[in-house]
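Listing of model34.cif, mmCIF, C-alpha atoms
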data_upload
#
loop_
_atom_site.label_atom_id
_atom_site.label_comp_id
_atom_site.auth_asym_id
_atom_site.auth_seq_id
_atom_site.Cartn_x
_atom_site.Cartn_y
_atom_site.Cartn_z
CA MET A 620 10.94 -45.72 8.02
CA THR A 621 11.80 -45.19 4.39
CA SER A 622 14.52 -42.61 3.79
CA ARG A 623 14.23 -39.93 1.16
CA GLN A 624 16.91 -41.68 -0.91
CA ASP A 625 14.93 -44.92 -0.84
CA ARG A 626 11.74 -43.39 -2.17
CA LYS A 627 10.77 -44.43 -5.64
CA ARG A 628 11.70 -41.64 -8.01
CA VAL A 629 8.99 -40.54 -10.38
CA ARG A 630 10.07 -39.40 -13.81
CA LYS A 631 8.10 -36.36 -14.92
CA ALA A 632 7.95 -34.45 -18.16
CA PRO A 633 10.47 -31.57 -18.18
CA GLU A 634 7.85 -28.82 -18.21
CA GLU A 635 5.86 -30.49 -15.44
CA ARG A 636 8.98 -30.84 -13.31
CA ARG A 637 9.98 -27.24 -13.95
CA GLN A 638 6.54 -25.97 -12.93
CA GLU A 639 6.69 -28.10 -9.78
CA ILE A 640 10.03 -26.56 -8.83
CA VAL A 641 8.78 -23.01 -9.45
CA ALA A 642 5.60 -23.65 -7.44
CA ALA A 643 7.61 -24.97 -4.49
CA ALA A 644 9.95 -21.97 -4.61
CA ALA A 645 6.99 -19.57 -4.83
CA ARG A 646 5.43 -21.12 -1.72
CA ILE A 647 8.66 -20.59 0.19
CA GLY A 648 8.91 -17.01 -1.05
CA LEU A 649 5.35 -16.19 -0.01
CA THR A 650 5.50 -17.74 3.44
CA GLU A 651 9.13 -17.26 4.48
CA GLY A 652 10.74 -14.75 2.14
CA LEU A 653 12.68 -14.87 -1.11
CA GLU A 654 15.98 -15.10 0.79
CA ARG A 655 14.95 -18.56 1.95
CA ILE A 656 14.82 -19.93 -1.59
CA THR A 657 17.86 -22.07 -2.31
CA LEU A 658 18.33 -24.99 -4.65
CA ARG A 659 18.83 -27.31 -1.67
CA ARG A 660 15.76 -26.05 0.20
CA VAL A 661 13.50 -26.50 -2.82
CA ALA A 662 14.95 -29.94 -3.46
CA ASP A 663 14.33 -30.95 0.16
CA ASP A 664 10.73 -29.76 -0.02
CA LEU A 665 10.16 -31.80 -3.17
CA GLY A 666 12.10 -34.84 -2.00
CA VAL A 667 14.54 -34.75 -4.92
CA ARG A 668 18.26 -34.16 -5.33
CA SER A 669 19.48 -30.57 -5.49
CA GLY A 670 21.23 -31.42 -8.76
CA LEU A 671 17.81 -31.94 -10.36
CA VAL A 672 16.71 -28.45 -9.33
CA GLY A 673 20.05 -27.10 -10.57
CA HIS A 674 19.45 -28.73 -13.94
CA TYR A 675 16.45 -26.44 -14.50
CA PHE A 676 17.82 -23.42 -12.62
CA PRO A 677 21.64 -23.27 -12.66
CA THR A 678 21.63 -20.30 -10.25
CA ALA A 679 19.47 -19.52 -7.25
CA GLU A 680 18.89 -16.00 -8.62
CA ASP A 681 17.12 -17.42 -11.66
CA LEU A 682 14.89 -19.53 -9.43
CA VAL A 683 14.13 -16.64 -7.07
CA THR A 684 13.12 -14.45 -10.02
CA GLU A 685 10.94 -17.16 -11.50
CA ALA A 686 9.32 -17.82 -8.12
CA PHE A 687 8.51 -14.13 -7.62
CA THR A 688 7.16 -13.82 -11.15
CA SER A 689 4.96 -16.89 -10.71
CA ALA A 690 3.52 -15.71 -7.39
CA ALA A 691 2.95 -12.09 -8.47
CA ALA A 692 1.46 -12.97 -11.84
CA GLY A 693 -0.69 -15.70 -10.33
CA GLU A 694 -2.12 -13.27 -7.78
CA LEU A 695 -2.82 -10.72 -10.51
CA ASP A 696 -4.63 -13.32 -12.61
CA ALA A 697 -6.78 -14.19 -9.60
CA LEU A 698 -7.54 -10.56 -8.73
CA LEU A 699 -7.80 -9.09 -12.21
CA PRO A 700 -7.85 -11.64 -15.06
CA GLU A 701 -6.44 -10.66 -18.42
CA THR A 702 -9.97 -10.51 -19.87
CA ALA A 703 -11.19 -8.15 -17.13
CA GLY A 704 -10.55 -5.13 -19.33
CA ASP A 705 -12.51 -6.51 -22.27
CA ARG A 706 -15.17 -3.88 -22.94
CA SER A 707 -17.67 -6.51 -24.09
CA ARG A 708 -17.49 -8.52 -20.86
CA GLY A 709 -19.51 -6.31 -18.58
CA SER A 710 -19.19 -3.44 -16.16
CA ALA A 711 -15.76 -1.98 -15.46
CA VAL A 712 -17.23 -0.61 -12.22
CA ARG A 713 -18.03 -4.13 -11.02
CA VAL A 714 -14.53 -5.29 -11.97
CA LEU A 715 -12.90 -2.55 -9.89
CA GLN A 716 -15.30 -3.13 -7.00
CA ASN A 717 -14.27 -6.79 -6.82
CA PHE A 718 -10.58 -6.00 -7.36
CA LEU A 719 -10.40 -3.41 -4.57
CA ALA A 720 -12.48 -5.50 -2.17
CA ARG A 721 -10.14 -8.47 -2.52
CA LEU A 722 -7.04 -6.29 -2.13
CA SER A 723 -8.24 -5.11 1.28
CA GLY A 724 -8.45 -8.62 2.74
CA PRO A 725 -5.78 -10.32 4.89
CA VAL A 726 -5.23 -12.94 2.18
CA PHE A 727 -3.34 -10.30 0.20
CA ASP A 728 -0.86 -9.67 3.04
CA ASP A 729 1.54 -12.41 1.94
CA VAL A 730 1.67 -10.95 -1.56
CA SER A 731 2.25 -7.48 -0.14
CA ARG A 732 5.19 -8.81 1.85
CA LEU A 733 6.51 -10.58 -1.24
CA TRP A 734 6.51 -7.30 -3.20
CA LEU A 735 8.31 -5.48 -0.39
CA ASN A 736 10.84 -8.29 -0.20
CA ALA A 737 11.40 -8.40 -3.96
CA ARG A 738 11.83 -4.63 -4.33
CA HIS A 739 14.43 -4.59 -1.57
CA LEU A 740 16.40 -7.49 -3.01
CA SER A 741 16.12 -6.20 -6.57
CA ARG A 742 18.45 -3.34 -5.65
CA TYR A 743 21.27 -5.87 -5.52
CA ARG A 744 20.07 -8.51 -7.98
CA PRO A 745 19.80 -7.38 -11.62
CA VAL A 746 17.89 -10.43 -12.82
CA LEU A 747 15.29 -10.03 -10.07
CA ASN A 748 15.12 -6.30 -10.80
CA GLU A 749 14.08 -7.03 -14.38
CA GLY A 750 11.41 -9.42 -13.15
CA VAL A 751 10.03 -6.89 -10.67
CA VAL A 752 9.85 -4.17 -13.32
CA ARG A 753 8.01 -6.51 -15.71
CA GLN A 754 5.44 -7.35 -13.05
CA GLU A 755 4.98 -3.71 -12.04
CA LEU A 756 4.21 -2.79 -15.63
CA LEU A 757 1.91 -5.79 -16.04
CA TRP A 758 -0.14 -4.84 -12.97
CA CYS A 759 -0.40 -1.24 -14.17
CA ARG A 760 -1.40 -2.38 -17.66
CA ARG A 761 -4.21 -4.59 -16.35
CA VAL A 762 -5.65 -1.72 -14.31
CA GLU A 763 -5.26 0.62 -17.27
CA GLN A 764 -7.31 -1.72 -19.46
CA VAL A 765 -10.17 -1.76 -16.97
CA ILE A 766 -10.09 2.02 -16.62
CA ALA A 767 -10.09 2.45 -20.41
CA ALA A 768 -13.08 0.12 -20.64
CA GLY A 769 -14.90 2.16 -18.00
CA VAL A 770 -14.21 5.38 -19.91
CA ALA A 771 -15.60 3.79 -23.07
CA GLN A 772 -18.69 2.66 -21.15
CA GLY A 773 -19.22 6.18 -19.85
CA SER A 774 -18.73 5.13 -16.21
CA PHE A 775 -15.35 6.80 -15.61
CA ARG A 776 -13.98 10.20 -16.46
CA CYS A 777 -10.26 10.02 -17.07
CA GLU A 778 -8.02 11.75 -19.60
CA ASP A 779 -5.16 9.23 -19.45
CA PRO A 780 -6.00 5.69 -18.23
CA TRP A 781 -2.31 4.72 -18.09
CA GLU A 782 -1.37 7.58 -15.78
CA ALA A 783 -4.41 6.91 -13.62
CA ALA A 784 -3.49 3.22 -13.35
CA VAL A 785 0.08 4.04 -12.34
CA ARG A 786 -1.17 6.36 -9.60
CA VAL A 787 -3.67 3.77 -8.30
CA ILE A 788 -0.95 1.11 -8.07
CA ALA A 789 1.42 3.61 -6.41
CA VAL A 790 -1.18 4.34 -3.71
CA LEU A 791 -1.76 0.59 -3.25
CA ASP A 792 1.99 0.04 -2.84
CA GLY A 793 2.21 2.91 -0.36
CA VAL A 794 -0.52 1.45 1.83
CA ASN A 795 1.00 -2.02 1.64
CA SER A 796 4.45 -0.74 2.63
CA TYR A 797 3.31 -0.90 6.28
CA THR A 798 2.39 -4.59 6.13
CA ASN A 799 5.51 -5.69 8.03
CA THR A 800 5.55 -2.97 10.67
CA SER A 801 2.77 -0.68 11.93
CA ALA A 802 -0.10 -2.12 9.92
CA GLN A 803 -2.34 -2.53 12.96
CA GLN A 804 -1.82 1.02 14.19
CA ARG A 805 -2.37 2.51 10.76
CA SER A 806 -5.09 0.21 9.43
CA ALA A 807 -8.09 2.36 10.33
CA PRO A 808 -6.95 5.52 8.49
CA LEU A 809 -5.68 3.53 5.51
CA ILE A 810 -8.32 0.84 5.05
CA ASP A 811 -10.35 2.75 2.46
CA MET A 812 -7.54 4.87 1.04
CA VAL A 813 -6.99 2.96 -2.21
CA ARG A 814 -10.71 2.82 -2.94
CA THR A 815 -11.45 6.47 -2.19
CA PHE A 816 -8.39 7.59 -4.17
CA THR A 817 -9.50 5.49 -7.14
CA GLU A 818 -13.00 6.94 -6.98
CA ALA A 819 -11.61 10.48 -7.05
CA GLU A 820 -9.13 9.60 -9.81
CA LEU A 821 -11.93 8.30 -12.02
CA GLY A 822 -14.42 11.07 -11.30
CA LEU A 823 -16.77 8.83 -9.32
CA PRO A 824 -18.87 9.79 -6.30
CA ARG A 825 -17.60 8.64 -2.92
CA ASP A 826 -18.37 4.98 -2.12
CA ALA A 827 -19.17 4.19 -5.77
CA LEU A 828 -16.57 1.39 -5.66
CA LEU A 829 -17.78 -0.22 -2.45
CA PRO A 830 -18.20 -3.96 -3.12
CA HIS A 831 -21.97 -3.92 -2.54
CA GLY A 832 -22.61 -0.86 -4.73
CA PRO A 833 -22.97 0.78 -7.02
CA ALA A 834 -26.24 2.47 -6.09
CA ALA A 835 -26.99 3.43 -2.50
CA ASP A 836 -30.68 2.58 -2.98
CA GLY A 837 -29.87 -1.06 -3.83
CA SER A 838 -30.64 -0.81 -7.53
CA ASP A 839 -28.26 -2.08 -10.20
CA ARG A 840 -27.83 1.35 -11.72
CA GLU A 841 -24.24 2.22 -12.66
CA PRO A 842 -22.75 5.27 -10.90
CA ARG A 843 -22.05 8.13 -13.25
CA PRO A 844 -18.93 10.30 -13.01
CA ALA A 845 -19.38 13.02 -10.40
CA ASP A 846 -19.70 16.62 -11.48
CA ARG A 847 -16.66 18.69 -10.70
#
Take the structure in the file and give it back as C-alpha cells.
Amino acid sequence: MTSRQDRKRVRKAPEERRQEIVAAAARIGLTEGLERITLRRVADDLGVRSGLVGHYFPTAEDLVTEAFTSAAAGELDALLPETAGDRSRGSAVRVLQNFLARLSGPVFDDVSRLWLNARHLSRYRPVLNEGVVRQELLWCRRVEQVIAAGVAQGSFRCEDPWEAAVRVIAVLDGVNSYTNTSAQQRSAPLIDMVRTFTEAELGLPRDALLPHGPAADGSDREPRPADR
C-alpha cells in the first residue's frame, strides 16, 4: 500500500490550491462543525502537508472564516442568484416562490446548522464575527433586491424593501434556530411560517407564495397585493 508521503505530489496554481483548501474546510464545517476545522485536518483530507495549508492560511481562524463565507455565499448563490433581483428577468413572485420552497427542504438543514455554529463562535472570534456580519447583510440585500423588483412590477406592496427583507431573514433564522434540538416536535407549526409571514409582509393573499402558485385556478396570473 502506498503511504500518503509516497504519493506523487501535484503542483497546482496558487489560486486553484487555495480554492481546494477552502472547499475542503467548508465541507468539514457543513458536515461536522466549524470547530472541527484545523490546518492538520484539512491537510489530511487533501493528502498534503499541514505546512502547505498554513502557507495559504497562517491561522485556523482565517481558514474557518473563509470556509464559512464560502459555504454561506455558495448556498445563497444557489438559492437566490445575484441576478434574481433584476427587474428585467421575470417575476419577483416566482423568484420568492422558488426561494422559499427550497429553504423548507431538508437539504438546507446543514446550512442552518452552520449559521447557528458560526453565530455562536463569532462571539469569541472577531475575524469570524466580521465574516458572519458580511454574510448576514448580503443575504438581506439579495432578498431586498427581489422585494424591490416586485414592488416595481406591482406585485408587492411594501414601503421599505430593506426593512421587509431584514424581517423575513430574521423569521427564517428564528425557525432555523430549532434545527439542532426540537425540530421534529415543532416542525408542523413552523413549516409554513416563513412563507406566510413573507406573504403578509408584502401585502399578498395567503398561499400566494406557494411553489405551485400563483393562482389557485391554475392560471399563470400574478397575485396582486391583498386589500387591507
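Nearest to Gly666 of chain A of all the residues A:Glu639, A:Arg825, A:Arg786, A:Pro780 is A:Glu639, based on only C-alpha atoms.
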Can you write out as a Markdown table which residues of segment 721-777 of chain A fall within 8 Å of segment 711-717 of chain A, alongside each residue's closest atom pair and its distance in Å to one decimal, counting all atoms listed in the file and ordering rows by chain and ascending residue number?
| residue | atom | partner | partner_atom | distance |
| --- | --- | --- | --- | --- |
| A:Arg721 | CA | A:Asn717 | CA | 6.2 |
| A:Val765 | CA | A:Ala711 | CA | 5.8 |
| A:Ile766 | CA | A:Ala711 | CA | 7.0 |
| A:Ala768 | CA | A:Ala711 | CA | 6.2 |
| A:Gly769 | CA | A:Ala711 | CA | 4.9 |
| A:Gln772 | CA | A:Ala711 | CA | 7.9 |
| A:Ser774 | CA | A:Val712 | CA | 7.1 |
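Between Gln764 of chain A and the residues A:Ala737, A:Ile656, A:Val672, A:Ala784, the shortest atom-to-atom distance, using all atoms listed in the file, involves A:Ala784.
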Which residues would end up in the selection if the PyMOL selection byres ((chain A and resi 762) around 12) were applied here, given that I need the answer as an MDAnalysis selection string?
chainID A and resid 695:696 698:705 711:712 714:715 718:719 755:761 763:769 780:789 791 817
Output check: residues returned by the PyMOL selection byres ((chain A and resi 649) around 8), as a short mmCIF file (atom, residue, chain, number, x, y, z; two decimals) with C-alpha atoms, in the coordinates of the input:
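And here is the file that came out, result_20.cif:
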data_model
loop_
_atom_site.label_atom_id
_atom_site.label_comp_id
_atom_site.auth_asym_id
_atom_site.auth_seq_id
_atom_site.Cartn_x
_atom_site.Cartn_y
_atom_site.Cartn_z
CA ALA A 645 6.99 -19.57 -4.83
CA ARG A 646 5.43 -21.12 -1.72
CA ILE A 647 8.66 -20.59 0.19
CA GLY A 648 8.91 -17.01 -1.05
CA THR A 650 5.50 -17.74 3.44
CA GLU A 651 9.13 -17.26 4.48
CA GLY A 652 10.74 -14.75 2.14
CA LEU A 653 12.68 -14.87 -1.11
CA ALA A 690 3.52 -15.71 -7.39
CA ASP A 729 1.54 -12.41 1.94
CA VAL A 730 1.67 -10.95 -1.56
CA ARG A 732 5.19 -8.81 1.85
CA LEU A 733 6.51 -10.58 -1.24
#
Show which residues sit within 8 Å of Asp681 of chain A, as a list in words. Count all atoms listed in the file, and ignore same-chain residues fewer than 5 positions away.
Phe676, Val746 and Leu747 of chain A
Which of A:Val751, A:Ser741, A:Glu654, A:Ala720 sits closest to Phe687 of chain A [using all atoms listed in the file]
A:Val751
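For the pair atom CA of Arg776 of chain A and atom CA of Leu821 of chain A, the interatomic distance is 5.2 Å.
Between atom CA of Arg742 of chain A and atom CA of Thr798 of chain A the separation is 20.0 Å.
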Which one is closest to Val752 of chain A: A:Ala644, A:Ala686, A:Ala691, A:Ala662? Count only C-alpha atoms.
A:Ala691
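Atom CA of Val794 of chain A lies 28.4 Å from atom CA of Ala643 of chain A.
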Atom completion result for segment 820-831 of chain A (all heavy atoms) as a short mmCIF file (atom, residue, chain, number, x, y, z; two decimals), in the coordinates of the input:
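Ended up saving to selection.cif:
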data_model
loop_
_atom_site.label_atom_id
_atom_site.label_comp_id
_atom_site.auth_asym_id
_atom_site.auth_seq_id
_atom_site.Cartn_x
_atom_site.Cartn_y
_atom_site.Cartn_z
N GLU A 820 -9.93 9.62 -8.57
CA GLU A 820 -9.13 9.60 -9.81
C GLU A 820 -10.00 9.39 -11.04
O GLU A 820 -9.72 9.92 -12.11
CB GLU A 820 -8.08 8.50 -9.71
CG GLU A 820 -7.08 8.46 -10.84
CD GLU A 820 -6.10 9.62 -10.83
OE1 GLU A 820 -5.84 10.19 -9.75
OE2 GLU A 820 -5.58 9.95 -11.91
N LEU A 821 -11.08 8.63 -10.89
CA LEU A 821 -11.93 8.30 -12.02
C LEU A 821 -13.20 9.13 -12.08
O LEU A 821 -14.11 8.84 -12.86
CB LEU A 821 -12.29 6.81 -11.96
CG LEU A 821 -11.09 5.85 -11.96
CD1 LEU A 821 -11.55 4.41 -11.94
CD2 LEU A 821 -10.18 6.10 -13.17
N GLY A 822 -13.27 10.17 -11.26
CA GLY A 822 -14.42 11.07 -11.30
C GLY A 822 -15.70 10.45 -10.80
O GLY A 822 -16.79 10.83 -11.22
N LEU A 823 -15.59 9.50 -9.86
CA LEU A 823 -16.77 8.83 -9.32
C LEU A 823 -17.17 9.44 -7.98
O LEU A 823 -16.34 9.97 -7.25
CB LEU A 823 -16.48 7.34 -9.11
CG LEU A 823 -16.25 6.51 -10.37
CD1 LEU A 823 -15.74 5.13 -9.99
CD2 LEU A 823 -17.52 6.40 -11.19
N PRO A 824 -18.46 9.34 -7.63
CA PRO A 824 -18.87 9.79 -6.30
C PRO A 824 -18.29 8.88 -5.22
O PRO A 824 -17.96 7.72 -5.48
CB PRO A 824 -20.40 9.68 -6.34
CG PRO A 824 -20.68 8.70 -7.42
CD PRO A 824 -19.59 8.86 -8.44
N ARG A 825 -18.14 9.41 -4.04
CA ARG A 825 -17.60 8.64 -2.92
C ARG A 825 -18.44 7.39 -2.68
O ARG A 825 -19.66 7.42 -2.75
CB ARG A 825 -17.55 9.49 -1.66
CG ARG A 825 -16.82 8.82 -0.49
CD ARG A 825 -16.72 9.74 0.69
NE ARG A 825 -16.07 9.08 1.83
CZ ARG A 825 -14.75 9.03 2.04
NH1 ARG A 825 -13.94 9.63 1.17
NH2 ARG A 825 -14.24 8.41 3.08
N ASP A 826 -17.77 6.29 -2.41
CA ASP A 826 -18.37 4.98 -2.12
C ASP A 826 -18.92 4.28 -3.35
O ASP A 826 -19.54 3.22 -3.23
CB ASP A 826 -19.48 5.09 -1.07
CG ASP A 826 -18.95 5.52 0.30
OD1 ASP A 826 -17.73 5.39 0.52
OD2 ASP A 826 -19.76 5.99 1.13
N ALA A 827 -18.70 4.84 -4.55
CA ALA A 827 -19.17 4.19 -5.77
C ALA A 827 -18.51 2.85 -6.00
O ALA A 827 -19.08 1.98 -6.67
CB ALA A 827 -18.94 5.10 -6.98
N LEU A 828 -17.30 2.64 -5.45
CA LEU A 828 -16.57 1.39 -5.66
C LEU A 828 -16.63 0.47 -4.45
O LEU A 828 -15.86 -0.48 -4.35
CB LEU A 828 -15.11 1.69 -6.02
CG LEU A 828 -14.92 2.38 -7.38
CD1 LEU A 828 -13.45 2.66 -7.64
CD2 LEU A 828 -15.51 1.55 -8.52
N LEU A 829 -17.55 0.74 -3.53
CA LEU A 829 -17.78 -0.22 -2.45
C LEU A 829 -18.26 -1.54 -3.05
O LEU A 829 -18.99 -1.54 -4.05
CB LEU A 829 -18.83 0.32 -1.48
CG LEU A 829 -18.33 1.33 -0.44
CD1 LEU A 829 -19.51 1.91 0.33
CD2 LEU A 829 -17.33 0.69 0.51
N PRO A 830 -17.89 -2.66 -2.49
CA PRO A 830 -18.20 -3.96 -3.12
C PRO A 830 -19.68 -4.25 -3.27
O PRO A 830 -20.06 -5.05 -4.12
CB PRO A 830 -17.53 -4.97 -2.18
CG PRO A 830 -17.33 -4.25 -0.90
CD PRO A 830 -17.09 -2.82 -1.28
N HIS A 831 -20.54 -3.63 -2.45
CA HIS A 831 -21.97 -3.92 -2.54
C HIS A 831 -22.72 -2.80 -3.24
O HIS A 831 -23.94 -2.74 -3.18
CB HIS A 831 -22.55 -4.15 -1.14
CG HIS A 831 -21.91 -5.29 -0.43
ND1 HIS A 831 -21.93 -6.58 -0.90
CD2 HIS A 831 -21.16 -5.32 0.71
CE1 HIS A 831 -21.25 -7.36 -0.07
NE2 HIS A 831 -20.78 -6.63 0.91
#
